[in-house]
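Shown below: data28.cif, with mmCIF, C-alpha atoms.
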data_target
loop_
_atom_site.label_atom_id
_atom_site.label_comp_id
_atom_site.auth_asym_id
_atom_site.auth_seq_id
_atom_site.Cartn_x
_atom_site.Cartn_y
_atom_site.Cartn_z
CA GLY A 1290 200.78 2.71 137.98
CA ASN A 1291 198.64 2.20 134.93
CA PRO A 1292 200.26 1.80 131.49
CA VAL A 1293 200.20 4.70 129.02
CA VAL A 1294 200.04 3.96 125.29
CA PHE A 1295 199.88 6.17 122.20
CA PHE A 1296 198.57 6.39 118.65
CA ASP A 1297 200.19 8.64 116.05
CA VAL A 1298 197.36 9.45 113.65
CA SER A 1299 197.28 10.71 110.08
CA ILE A 1300 194.27 12.14 108.26
CA GLY A 1301 194.82 11.70 104.55
CA SER A 1302 198.54 12.22 104.09
CA ALA A 1303 198.87 14.77 106.92
CA SER A 1304 199.87 14.04 110.51
CA ALA A 1305 197.07 14.85 112.96
CA GLY A 1306 199.20 14.35 116.09
CA ARG A 1307 199.49 11.88 118.95
CA ILE A 1308 196.76 10.47 121.21
CA LYS A 1309 198.13 9.40 124.61
CA MET A 1310 195.89 7.07 126.60
CA GLU A 1311 195.98 5.74 130.15
CA LEU A 1312 194.81 2.13 130.40
CA PHE A 1313 192.89 1.25 133.58
CA LYS A 1314 194.86 -1.89 134.45
CA ASP A 1315 193.85 -1.39 138.08
CA SER A 1316 190.12 -1.88 137.26
CA VAL A 1317 190.07 -4.03 134.10
CA PRO A 1318 193.49 -5.74 133.85
CA ARG A 1319 192.57 -8.27 131.10
CA THR A 1320 190.94 -5.68 128.84
CA ALA A 1321 193.78 -3.19 129.38
CA GLU A 1322 196.42 -5.83 128.64
CA ASN A 1323 194.71 -6.85 125.39
CA PHE A 1324 194.75 -3.24 124.14
CA ARG A 1325 198.30 -2.65 125.36
CA GLN A 1326 199.66 -5.67 123.44
CA LEU A 1327 197.79 -4.65 120.28
CA CYS A 1328 199.49 -1.24 120.60
CA THR A 1329 202.99 -2.64 121.13
CA GLY A 1330 202.88 -5.40 118.50
CA GLU A 1331 203.80 -8.05 121.09
CA LEU A 1332 201.15 -10.40 119.72
CA LEU A 1333 202.65 -12.45 116.88
CA GLU A 1334 200.95 -14.40 114.13
CA SER A 1335 203.22 -16.40 111.78
CA ASP A 1336 206.17 -14.56 113.42
CA GLN A 1337 204.70 -11.17 112.39
CA PRO A 1338 203.50 -8.59 114.91
CA ILE A 1339 199.76 -7.94 114.63
CA GLY A 1340 197.82 -5.05 116.05
CA TYR A 1341 196.79 -1.46 115.51
CA LYS A 1342 199.76 -0.12 113.53
CA GLY A 1343 198.60 0.68 109.99
CA SER A 1344 194.91 0.23 110.82
CA ASN A 1345 192.18 2.84 110.37
CA PHE A 1346 189.39 4.51 112.28
CA HIS A 1347 186.50 3.11 110.19
CA ARG A 1348 183.49 4.73 111.88
CA ILE A 1349 183.17 8.35 112.96
CA ILE A 1350 180.00 9.84 114.40
CA LYS A 1351 180.25 13.50 115.39
CA ASP A 1352 179.19 14.31 118.97
CA PHE A 1353 179.24 10.57 119.75
CA MET A 1354 182.43 8.58 119.15
CA VAL A 1355 185.28 7.53 116.84
CA GLN A 1356 185.77 3.78 116.34
CA GLY A 1357 188.77 1.79 115.16
CA GLY A 1358 190.88 -1.26 115.82
CA ASP A 1359 189.66 -3.63 113.10
CA PHE A 1360 193.15 -4.47 111.81
CA LEU A 1361 191.76 -7.65 110.18
CA ASN A 1362 189.10 -6.32 107.79
CA GLY A 1363 189.11 -2.55 108.31
CA ASP A 1364 185.33 -2.29 108.30
CA GLY A 1365 184.08 -3.28 111.74
CA THR A 1366 183.60 -7.00 111.05
CA GLY A 1367 186.99 -8.27 112.35
CA SER A 1368 187.53 -9.64 115.86
CA LYS A 1369 190.75 -10.87 117.45
CA SER A 1370 192.26 -10.57 120.91
CA ILE A 1371 195.27 -11.87 122.81
CA TYR A 1372 192.83 -14.36 124.39
CA GLY A 1373 191.35 -15.69 121.12
CA ASP A 1374 188.86 -14.23 118.65
CA ARG A 1375 186.60 -12.90 121.43
CA PHE A 1376 186.67 -12.49 125.20
CA GLU A 1377 184.19 -11.85 127.99
CA ASP A 1378 183.11 -8.49 129.38
CA GLU A 1379 185.46 -8.03 132.33
CA ASN A 1380 183.23 -5.68 134.32
CA PHE A 1381 181.14 -2.52 133.92
CA SER A 1382 182.48 -0.62 136.94
CA LEU A 1383 183.64 2.39 134.87
CA ARG A 1384 181.31 4.81 133.11
CA HIS A 1385 181.17 6.66 129.78
CA GLU A 1386 181.15 9.92 131.73
CA GLY A 1387 182.39 12.40 129.13
CA PRO A 1388 184.60 12.88 126.08
CA GLY A 1389 187.89 10.97 125.82
CA ILE A 1390 186.73 7.66 127.33
CA LEU A 1391 188.31 4.55 125.80
CA SER A 1392 185.87 1.64 125.59
CA MET A 1393 185.49 -1.73 123.87
CA ALA A 1394 183.28 -2.01 120.79
CA ASN A 1395 181.27 -5.24 120.68
CA SER A 1396 178.41 -7.03 118.96
CA GLY A 1397 176.62 -8.05 122.16
CA PRO A 1398 177.61 -9.54 125.53
CA GLY A 1399 181.01 -11.28 125.70
CA THR A 1400 182.15 -10.31 122.18
CA ASN A 1401 185.20 -8.14 122.89
CA GLY A 1402 188.06 -8.42 120.42
CA CYS A 1403 190.28 -5.71 118.97
CA GLN A 1404 187.77 -2.96 118.19
CA PHE A 1405 187.49 0.06 120.46
CA PHE A 1406 186.01 3.51 120.46
CA ILE A 1407 186.84 6.86 122.03
CA THR A 1408 183.88 8.93 123.18
CA CYS A 1409 183.35 12.51 122.00
CA ALA A 1410 180.66 13.24 124.61
CA GLN A 1411 179.01 11.67 127.64
CA CYS A 1412 177.46 8.35 126.53
CA ASP A 1413 175.72 7.02 129.63
CA PHE A 1414 173.42 4.85 127.46
CA LEU A 1415 176.52 2.68 126.76
CA ASP A 1416 177.13 2.03 130.48
CA ASN A 1417 176.78 -1.68 131.41
CA LYS A 1418 176.95 -2.62 127.70
CA HIS A 1419 180.54 -1.68 126.79
CA VAL A 1420 183.65 -2.15 128.96
CA VAL A 1421 185.42 1.15 129.69
CA PHE A 1422 189.15 0.48 130.01
CA GLY A 1423 190.99 3.78 129.59
CA ARG A 1424 190.97 7.48 128.92
CA VAL A 1425 192.62 10.04 126.70
CA LEU A 1426 195.40 11.48 128.84
CA ASP A 1427 195.55 15.21 128.09
CA ALA A 1428 194.02 18.16 126.22
CA GLU A 1429 196.51 17.88 123.36
CA SER A 1430 195.49 14.23 122.82
CA LEU A 1431 191.79 15.10 123.00
CA LEU A 1432 192.37 17.71 120.30
CA VAL A 1433 193.55 14.91 117.98
CA VAL A 1434 190.33 12.99 118.77
CA ARG A 1435 188.37 16.16 117.86
CA LYS A 1436 190.23 16.34 114.52
CA ILE A 1437 189.21 12.73 113.80
CA GLU A 1438 185.63 13.46 114.92
CA ASN A 1439 185.39 16.24 112.33
CA VAL A 1440 186.56 14.23 109.30
CA PRO A 1441 183.75 14.23 106.69
CA THR A 1442 181.84 10.93 106.52
CA VAL A 1443 179.26 9.18 104.38
CA LYS A 1444 175.90 8.21 105.89
CA ASN A 1445 177.05 5.07 107.77
CA GLY A 1446 179.91 6.93 109.48
CA SER A 1447 182.70 5.80 107.13
CA PRO A 1448 185.29 8.57 106.79
CA GLN A 1449 185.73 10.06 103.31
CA ILE A 1450 189.45 10.57 104.06
CA ALA A 1451 191.57 7.75 105.52
CA VAL A 1452 192.27 8.16 109.26
CA GLU A 1453 195.23 5.87 110.00
CA ILE A 1454 197.15 4.83 113.10
CA THR A 1455 200.62 5.24 111.58
CA GLU A 1456 202.54 4.34 114.75
CA CYS A 1457 201.57 3.09 118.19
CA GLY A 1458 203.19 1.71 121.30
CA GLU A 1459 203.70 2.11 125.03
CA LEU A 1460 205.26 5.18 126.66
#
Show me the file's structure as structure tokens.
Amino acid sequence: GNPVVFFDVSIGSASAGRIKMELFKDSVPRTAENFRQLCTGELLESDQPIGYKGSNFHRIIKDFMVQGGDFLNGDGTGSKSIYGDRFEDENFSLRHEGPGILSMANSGPGTNGCQFFITCAQCDFLDNKHVVFGRVLDAESLLVVRKIENVPTVKNGSPQIAVEITECGEL
């Protein structure tokens, strides 16, 4: 079957819970594998694991999405993948059909790296522009996404309280 990964998330100093996500390896194997390895820390740089552990959700827009994964710069400018700095859009067969969809953030066609977002609503205007590669697995996990979604932000969507992935991996 498809791999299942998790994020343990803190908001400020308090635990917000665990987000479990199914990765759609059956539809987008390259994109799913990139995310999986960045969750497990399998990717090494100078013998050190790199990936999502210790990184933040840097952009939160209520009723739209929560974005994270920039473990390089923490602000949405960093890009790295298991295939190099960027990789191609694998396909657009899956849709942003409701809340809890896991999709790749990008800066235009063929610019996938490490950044991702989780939808908080249907976002059909993102279809054919962003590669959907997973989904939040259960109601308990979606509740954690809702907690993140409701963190106060400044105008550009930057959270006023740190939202950190304190632990992550594969289940």
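Residues lying within 10 Å of Glu1438 of chain A, counting all atoms listed in the file and ignoring same-chain neighbours fewer than 4 positions away, are Arg1348, Ile1349, Ile1350, Lys1351, Asp1352, Phe1353, Met1354, Val1355, Gln1356, Ile1407, Thr1408, Cys1409, Leu1432, Val1433, Val1434, Thr1442 and Pro1448 of chain A.
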Please identify all polymer residues within 8 Å of Phe1381 of chain A, counting all atoms listed in the file, omitting same-chain residues fewer than 6 positions from it, and present them as a PyMOL selection string. chain A and resi 1416-1421
Could you spell out the hits of the PyMOL selection byres ((chain A and resi 1395) around 10) on the shown file, as a PDB file with C-alpha atoms, in the coordinates of the input?
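This went into result-v4.pdb:
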ATOM      1  CA  GLY A1365     184.080  -3.280 111.740  1.00  0.00           C
ATOM      2  CA  SER A1368     187.530  -9.640 115.860  1.00  0.00           C
ATOM      3  CA  ARG A1375     186.600 -12.900 121.430  1.00  0.00           C
ATOM      4  CA  ASP A1378     183.110  -8.490 129.380  1.00  0.00           C
ATOM      5  CA  SER A1392     185.870   1.640 125.590  1.00  0.00           C
ATOM      6  CA  MET A1393     185.490  -1.730 123.870  1.00  0.00           C
ATOM      7  CA  ALA A1394     183.280  -2.010 120.790  1.00  0.00           C
ATOM      8  CA  SER A1396     178.410  -7.030 118.960  1.00  0.00           C
ATOM      9  CA  GLY A1397     176.620  -8.050 122.160  1.00  0.00           C
ATOM     10  CA  PRO A1398     177.610  -9.540 125.530  1.00  0.00           C
ATOM     11  CA  GLY A1399     181.010 -11.280 125.700  1.00  0.00           C
ATOM     12  CA  THR A1400     182.150 -10.310 122.180  1.00  0.00           C
ATOM     13  CA  ASN A1401     185.200  -8.140 122.890  1.00  0.00           C
ATOM     14  CA  GLY A1402     188.060  -8.420 120.420  1.00  0.00           C
ATOM     15  CA  CYS A1403     190.280  -5.710 118.970  1.00  0.00           C
ATOM     16  CA  GLN A1404     187.770  -2.960 118.190  1.00  0.00           C
ATOM     17  CA  PHE A1405     187.490   0.060 120.460  1.00  0.00           C
ATOM     18  CA  PHE A1406     186.010   3.510 120.460  1.00  0.00           C
ATOM     19  CA  LYS A1418     176.950  -2.620 127.700  1.00  0.00           C
ATOM     20  CA  HIS A1419     180.540  -1.680 126.790  1.00  0.00           C
ATOM     21  CA  VAL A1420     183.650  -2.150 128.960  1.00  0.00           C
TER      22      VAL A1420
END
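Here the PyMOL selection byres ((chain A and resi 1386) around 7) matches the residues Arg1384, His1385, Gly1387, Gln1411, Cys1412 and Asp1413 of chain A.
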For the provided coordinates, the residues matched by the PyMOL selection byres ((chain A and resi 1294-1298) around 10) should be stated as an MDAnalysis selection string. chainID A and resid 1291:1293 1299:1301 1303:1312 1324:1326 1328:1329 1341:1346 1425:1426 1430 1433:1434 1436:1437 1452:1460
Ala1428 of chain A proximity check over A:Gly1389, A:Ile1450, A:Thr1366, A:Ala1410, using all atoms listed in the file: winner is A:Gly1389
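Proximity of A:Phe1414, A:Thr1320, A:Gly1358, A:Leu1391 to Phe1376 of chain A, computed with only C-alpha atoms, is greatest for A:Thr1320.
Using only C-alpha atoms for every distance, the candidate list A:Asp1374, A:Glu1379, A:Asp1359, A:Asp1336 yields A:Glu1379 as the residue closest to Ser1316 of chain A.
For the atom pair formed by atom CA of Leu1332 of chain A and atom CA of Glu1429 of chain A, the distance is 28.9 Å, given to one decimal.
Counting from atom CA of Phe1422 of chain A, the distance to atom CA of Phe1313 of chain A is 5.2 Å.
Atom pair atom CA of Phe1360 of chain A / atom CA of Gly1330 of chain A has a distance of 11.8 Å (rounded to one decimal).
Nearest to Gln1449 of chain A of all the residues A:Gly1373, A:Ile1390, A:Ser1382, A:His1347 is A:His1347, based on all atoms listed in the file.
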